[in-house]
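A.B. asks: This is the structure I have questions about; it appears just below.
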Amino acid sequence: MTAGKWRRLLPYLVLVTAAAITVGYVLDELPATPSGAAPAASPSPTPFMHSDGLSDSHDGYLIQPVTMPAKRGKAIPVAFRILGPDGLPLRTYETIQTRQLHLYLVRDDASGYRHLHPELTDDTWTTKVDVTDGGAYRFYAEFVPRGKDALGHPTVLGLPFLITGDTALAPLPAPAPATTVDGFTLTRLDGVAHLRAGRGQLLRFHVSSAAGPPVLEPHLGATAHMSAFEVRTLSLTHAHAAAEAPDATLTFHVEFANRGEQRLYLEFKVAGVVHRAAFTVFVT
């Protein structure tokens, strides 16, 4: 080959050599994959969060209102259906805490809490509720469909309703180390310590009275119940006390997803009577 032809080919040879060097470098830097090995799996999807009552549907289930409160009063009728993934009314449920469905009520200022137990007739749940003031309210229906794991997270669906007219909104009480209800004093054993979001923690409350620690009786299959509402969104977290309550001390295992204030309603039973205490807890 003449010198003139080499001069014309030289730029192309430089480009080919540079490309070969680049490819070799990249292949050397990439992690090796064993021969015949399957490609690396994609990252696992974010775990599906359990329901918190802020939606009327979850996991294929839908709550359908039939009769909702429209004015203030005593013993106002409430009726609703639960529809399954097939669109038909759900008629069979697992038993959780001695009931097939628990119904909670709270107003948008985190007050007016009620814990109700509707009755199922054919395909419709019915109950009655007292609504003594106006405002925006929400029902929370908690249940486990028949055939699902009753030890897992129940399904919680929400139904909002509005009572018009003048409303006396309740200010949120500040966190306090103790509260008194019906002659019983409940003391939070860690005072007003902040909890940490996204972390499992223990909340412990000591129950006392002038006569000394009371004998706590089982209430709906548990030592005590706690319904916690995130003040900003009103999402519901429901917890049950540990099976043992030494010296009338209730222990709850809780985990709150978000920072902010939580309004807690504790239910416990003494001498056949259910009592309800409330606490505000701050989560950071």
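To be explicit about the labels: the chains of the structure tokens are called A, B, and onward in the order shown, and within each one the residues are counted from 1, while ligands get numbers from 1 in the order they are shown.
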Using only C-alpha atoms, which protein or nucleic acid residues come within 7 Å of segment 187-202 of chain A? Drop anything in the same chain fewer than 4 positions from it, and give the result as a list in words.
C.D. replies: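 Result of the neighbour search: Pro175, Ala176, Pro177, Ala178, Thr179, His206, Val207, Thr251, Phe252, His253, Val254, Glu255, Phe256, Ala257, Asn258, Arg259, Val281, Phe282, Val283 and Thr284 of chain A.
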A.B. asks: I'd like the contact shell of Gly53 of chain A - 6 Å cut-off, only C-alpha atoms, skipping same-chain residues fewer than 6 positions apart - returned as a ChimeraX atom specification.
C.D. replies: /A:140,156-158
A.B. asks: Compare A:Ala243, A:Ala277, A:Leu120, A:Val270 by their minimum atom-to-atom distance to Ser227 of chain A, counting only C-alpha atoms, and give me the closest one.
C.D. replies: A:Ala277
A.B. asks: Can you tell me, as JSON, numbers by chain, what residues are no more than 12 Å from Val273 of chain A when counting only C-alpha atoms, ignoring any on the same chain fewer than 4 positions away?
C.D. replies: {"A": [182, 215, 216, 217, 218, 219, 267, 268, 269]}
A.B. asks: Using the selection just defined, write its residues with N, CA, C and O atoms as an mmCIF file, in the first residue's frame.
C.D. replies:
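The result, written out as result_34.cif:
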data_model
loop_
_atom_site.group_PDB
_atom_site.id
_atom_site.type_symbol
_atom_site.label_atom_id
_atom_site.label_comp_id
_atom_site.auth_asym_id
_atom_site.auth_seq_id
_atom_site.Cartn_x
_atom_site.Cartn_y
_atom_site.Cartn_z
ATOM 1 N N ASP A 182 -64.460 9.121 85.131
ATOM 2 C CA ASP A 182 -65.354 8.271 85.932
ATOM 3 C C ASP A 182 -64.698 7.804 87.233
ATOM 4 O O ASP A 182 -64.917 6.677 87.687
ATOM 5 N N VAL A 215 -59.640 -3.970 89.093
ATOM 6 C CA VAL A 215 -59.564 -5.233 88.364
ATOM 7 C C VAL A 215 -60.102 -4.984 86.956
ATOM 8 O O VAL A 215 -61.289 -4.699 86.779
ATOM 9 N N LEU A 216 -59.239 -5.073 85.961
ATOM 10 C CA LEU A 216 -59.639 -4.830 84.580
ATOM 11 C C LEU A 216 -60.241 -6.098 83.984
ATOM 12 O O LEU A 216 -59.636 -7.172 84.044
ATOM 13 N N GLU A 217 -61.422 -5.959 83.430
ATOM 14 C CA GLU A 217 -62.118 -7.095 82.840
ATOM 15 C C GLU A 217 -61.935 -7.097 81.320
ATOM 16 O O GLU A 217 -61.721 -6.048 80.705
ATOM 17 N N PRO A 218 -62.014 -8.271 80.685
ATOM 18 C CA PRO A 218 -61.919 -8.325 79.222
ATOM 19 C C PRO A 218 -63.016 -7.486 78.573
ATOM 20 O O PRO A 218 -64.168 -7.481 79.016
ATOM 21 N N HIS A 219 -62.632 -6.758 77.542
ATOM 22 C CA HIS A 219 -63.577 -5.923 76.794
ATOM 23 C C HIS A 219 -63.435 -6.253 75.317
ATOM 24 O O HIS A 219 -62.384 -6.010 74.720
ATOM 25 N N GLU A 267 -60.358 2.482 75.737
ATOM 26 C CA GLU A 267 -61.548 1.879 76.342
ATOM 27 C C GLU A 267 -61.119 0.723 77.238
ATOM 28 O O GLU A 267 -60.375 -0.164 76.804
ATOM 29 N N PHE A 268 -61.597 0.739 78.478
ATOM 30 C CA PHE A 268 -61.303 -0.338 79.418
ATOM 31 C C PHE A 268 -62.558 -0.617 80.243
ATOM 32 O O PHE A 268 -63.462 0.231 80.350
ATOM 33 N N LYS A 269 -62.611 -1.791 80.830
ATOM 34 C CA LYS A 269 -63.836 -2.242 81.500
ATOM 35 C C LYS A 269 -63.551 -2.620 82.955
ATOM 36 O O LYS A 269 -62.617 -3.374 83.239
#
A.B. asks: Find the spatial neighbours of Phe143 of chain A, counting only C-alpha atoms, within a cut-off of 6 Å - ignore same-chain residues fewer than 3 positions away - and output them as a PyMOL selection string.
C.D. replies: chain A and resi 101+154-155
A.B. asks: Quick one: pick out all strand (DSSP E) residues within segment 130-160 of chain A from a backbone DSSP run and write them as a VMD selection string.
C.D. replies: chain A and resid 130 to 131 135 to 143 155 to 160
A.B. asks: Restricting the calculation to only C-alpha atoms, which member of A:Leu266, A:Val66, A:Leu83, A:Ile76 is positioned closest to Val181 of chain A?
C.D. replies: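 Looking only at the distances to Val181 of chain A, the closest residue turns out to be A:Leu266.
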A.B. asks: Which polymer residues have any atom within 10 Å of an atom of Ser209 of chain A, counting only C-alpha atoms, with same-chain residues fewer than 5 positions away left out, as number ranges by chain?
C.D. replies: A: 180-186, 214
A.B. asks: Compile the contact shell of Asp122 of chain A as a list of chain:residue names: residues with an atom at most 10 Å away, counting only C-alpha atoms, same-chain residues fewer than 6 positions apart removed.
C.D. replies: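 Within the cut-off, the hits are A:Arg81, A:Pro89, A:Leu90, A:Arg91.
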A.B. asks: If we count only C-alpha atoms and set the cut-off at 12 Å, which residues sit around Ser55 of chain A, ignoring sequence neighbours fewer than 3 positions away in its own chain? Please answer as an MDAnalysis selection string.
C.D. replies: chainID A and resid 50:52 58:64 138:141 155:160 233:236
A.B. asks: Residues as selected, N, CA, C and O atoms, written as a CSV table (one decimal), in the first residue's frame, can you do that?
C.D. replies:
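File written: again11.csv
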chain,number,residue,atom,x,y,z
A,50,HIS,N,-52.0,-1.0,54.7
A,50,HIS,CA,-53.3,-1.4,55.1
A,50,HIS,C,-54.2,-0.2,55.1
A,50,HIS,O,-53.7,1.0,55.2
A,51,SER,N,-55.5,-0.4,55.1
A,51,SER,CA,-56.5,0.7,55.0
A,51,SER,C,-56.6,1.4,56.4
A,51,SER,O,-56.3,0.9,57.4
A,52,ASP,N,-56.9,2.7,56.3
A,52,ASP,CA,-57.0,3.6,57.5
A,52,ASP,C,-58.3,4.3,57.6
A,52,ASP,O,-58.5,5.2,58.4
A,58,HIS,N,-61.2,-0.2,49.4
A,58,HIS,CA,-59.9,-0.7,49.7
A,58,HIS,C,-59.8,-2.2,49.3
A,58,HIS,O,-60.7,-3.0,49.7
A,59,ASP,N,-58.8,-2.6,48.5
A,59,ASP,CA,-58.6,-4.0,48.2
A,59,ASP,C,-59.8,-4.7,47.6
A,59,ASP,O,-60.1,-5.9,47.8
A,60,GLY,N,-60.6,-3.9,46.8
A,60,GLY,CA,-61.7,-4.5,46.1
A,60,GLY,C,-63.0,-4.3,46.9
A,60,GLY,O,-64.1,-4.7,46.3
A,61,TYR,N,-63.0,-3.9,48.1
A,61,TYR,CA,-64.2,-3.8,49.0
A,61,TYR,C,-64.7,-2.3,49.0
A,61,TYR,O,-63.8,-1.4,49.0
A,62,LEU,N,-66.0,-2.1,49.0
A,62,LEU,CA,-66.6,-0.8,49.0
A,62,LEU,C,-67.7,-0.7,50.0
A,62,LEU,O,-68.5,-1.6,50.2
A,63,ILE,N,-67.7,0.5,50.7
A,63,ILE,CA,-68.8,0.7,51.7
A,63,ILE,C,-69.8,1.6,51.0
A,63,ILE,O,-69.5,2.6,50.4
A,64,GLN,N,-71.1,1.2,51.0
A,64,GLN,CA,-72.2,1.9,50.3
A,64,GLN,C,-73.2,2.4,51.3
A,64,GLN,O,-73.8,1.6,52.0
A,138,ARG,N,-67.0,11.4,60.3
A,138,ARG,CA,-66.7,10.2,59.5
A,138,ARG,C,-66.9,8.9,60.3
A,138,ARG,O,-66.5,8.8,61.5
A,139,PHE,N,-67.6,7.9,59.6
A,139,PHE,CA,-67.7,6.6,60.1
A,139,PHE,C,-66.5,5.8,59.6
A,139,PHE,O,-66.0,5.9,58.5
A,140,TYR,N,-66.0,4.8,60.5
A,140,TYR,CA,-65.0,3.9,60.1
A,140,TYR,C,-65.5,2.5,60.3
A,140,TYR,O,-65.8,2.1,61.5
A,141,ALA,N,-65.7,1.7,59.3
A,141,ALA,CA,-66.2,0.3,59.4
A,141,ALA,C,-65.0,-0.6,59.3
A,141,ALA,O,-64.3,-0.6,58.3
A,155,THR,N,-59.8,-4.8,57.2
A,155,THR,CA,-60.2,-3.8,56.2
A,155,THR,C,-60.9,-2.7,56.9
A,155,THR,O,-61.9,-3.0,57.7
A,156,VAL,N,-60.6,-1.4,56.7
A,156,VAL,CA,-61.2,-0.3,57.3
A,156,VAL,C,-61.7,0.7,56.2
A,156,VAL,O,-60.8,1.2,55.5
A,157,LEU,N,-63.0,0.9,56.1
A,157,LEU,CA,-63.5,1.7,55.1
A,157,LEU,C,-64.2,2.9,55.8
A,157,LEU,O,-64.8,2.8,56.8
A,158,GLY,N,-64.2,4.1,55.1
A,158,GLY,CA,-64.8,5.3,55.7
A,158,GLY,C,-65.9,5.9,55.0
A,158,GLY,O,-66.0,5.8,53.7
A,159,LEU,N,-66.9,6.5,55.7
A,159,LEU,CA,-68.0,7.2,55.2
A,159,LEU,C,-68.2,8.5,55.8
A,159,LEU,O,-68.4,8.6,57.0
A,160,PRO,N,-68.0,9.6,55.1
A,160,PRO,CA,-68.2,10.9,55.7
A,160,PRO,C,-69.6,11.4,55.6
A,160,PRO,O,-70.4,11.0,54.8
A,233,THR,N,-55.2,14.3,59.3
A,233,THR,CA,-56.0,13.6,58.2
A,233,THR,C,-57.1,12.8,58.8
A,233,THR,O,-58.0,12.4,58.0
A,234,LEU,N,-57.1,12.5,60.1
A,234,LEU,CA,-58.1,11.6,60.8
A,234,LEU,C,-57.9,10.1,60.3
A,234,LEU,O,-58.9,9.3,60.4
A,235,SER,N,-56.8,9.7,59.9
A,235,SER,CA,-56.5,8.3,59.6
A,235,SER,C,-56.6,7.5,60.9
A,235,SER,O,-56.1,8.0,61.9
A,236,LEU,N,-57.1,6.3,60.9
A,236,LEU,CA,-57.3,5.5,62.1
A,236,LEU,C,-56.3,4.5,62.2
A,236,LEU,O,-55.9,3.8,61.3
A.B. asks: Using only C-alpha atoms, which of A:Ala136, A:Ala228, A:Ala248, A:Val144 sits nearest Ala168 of chain A?
C.D. replies: A:Ala136
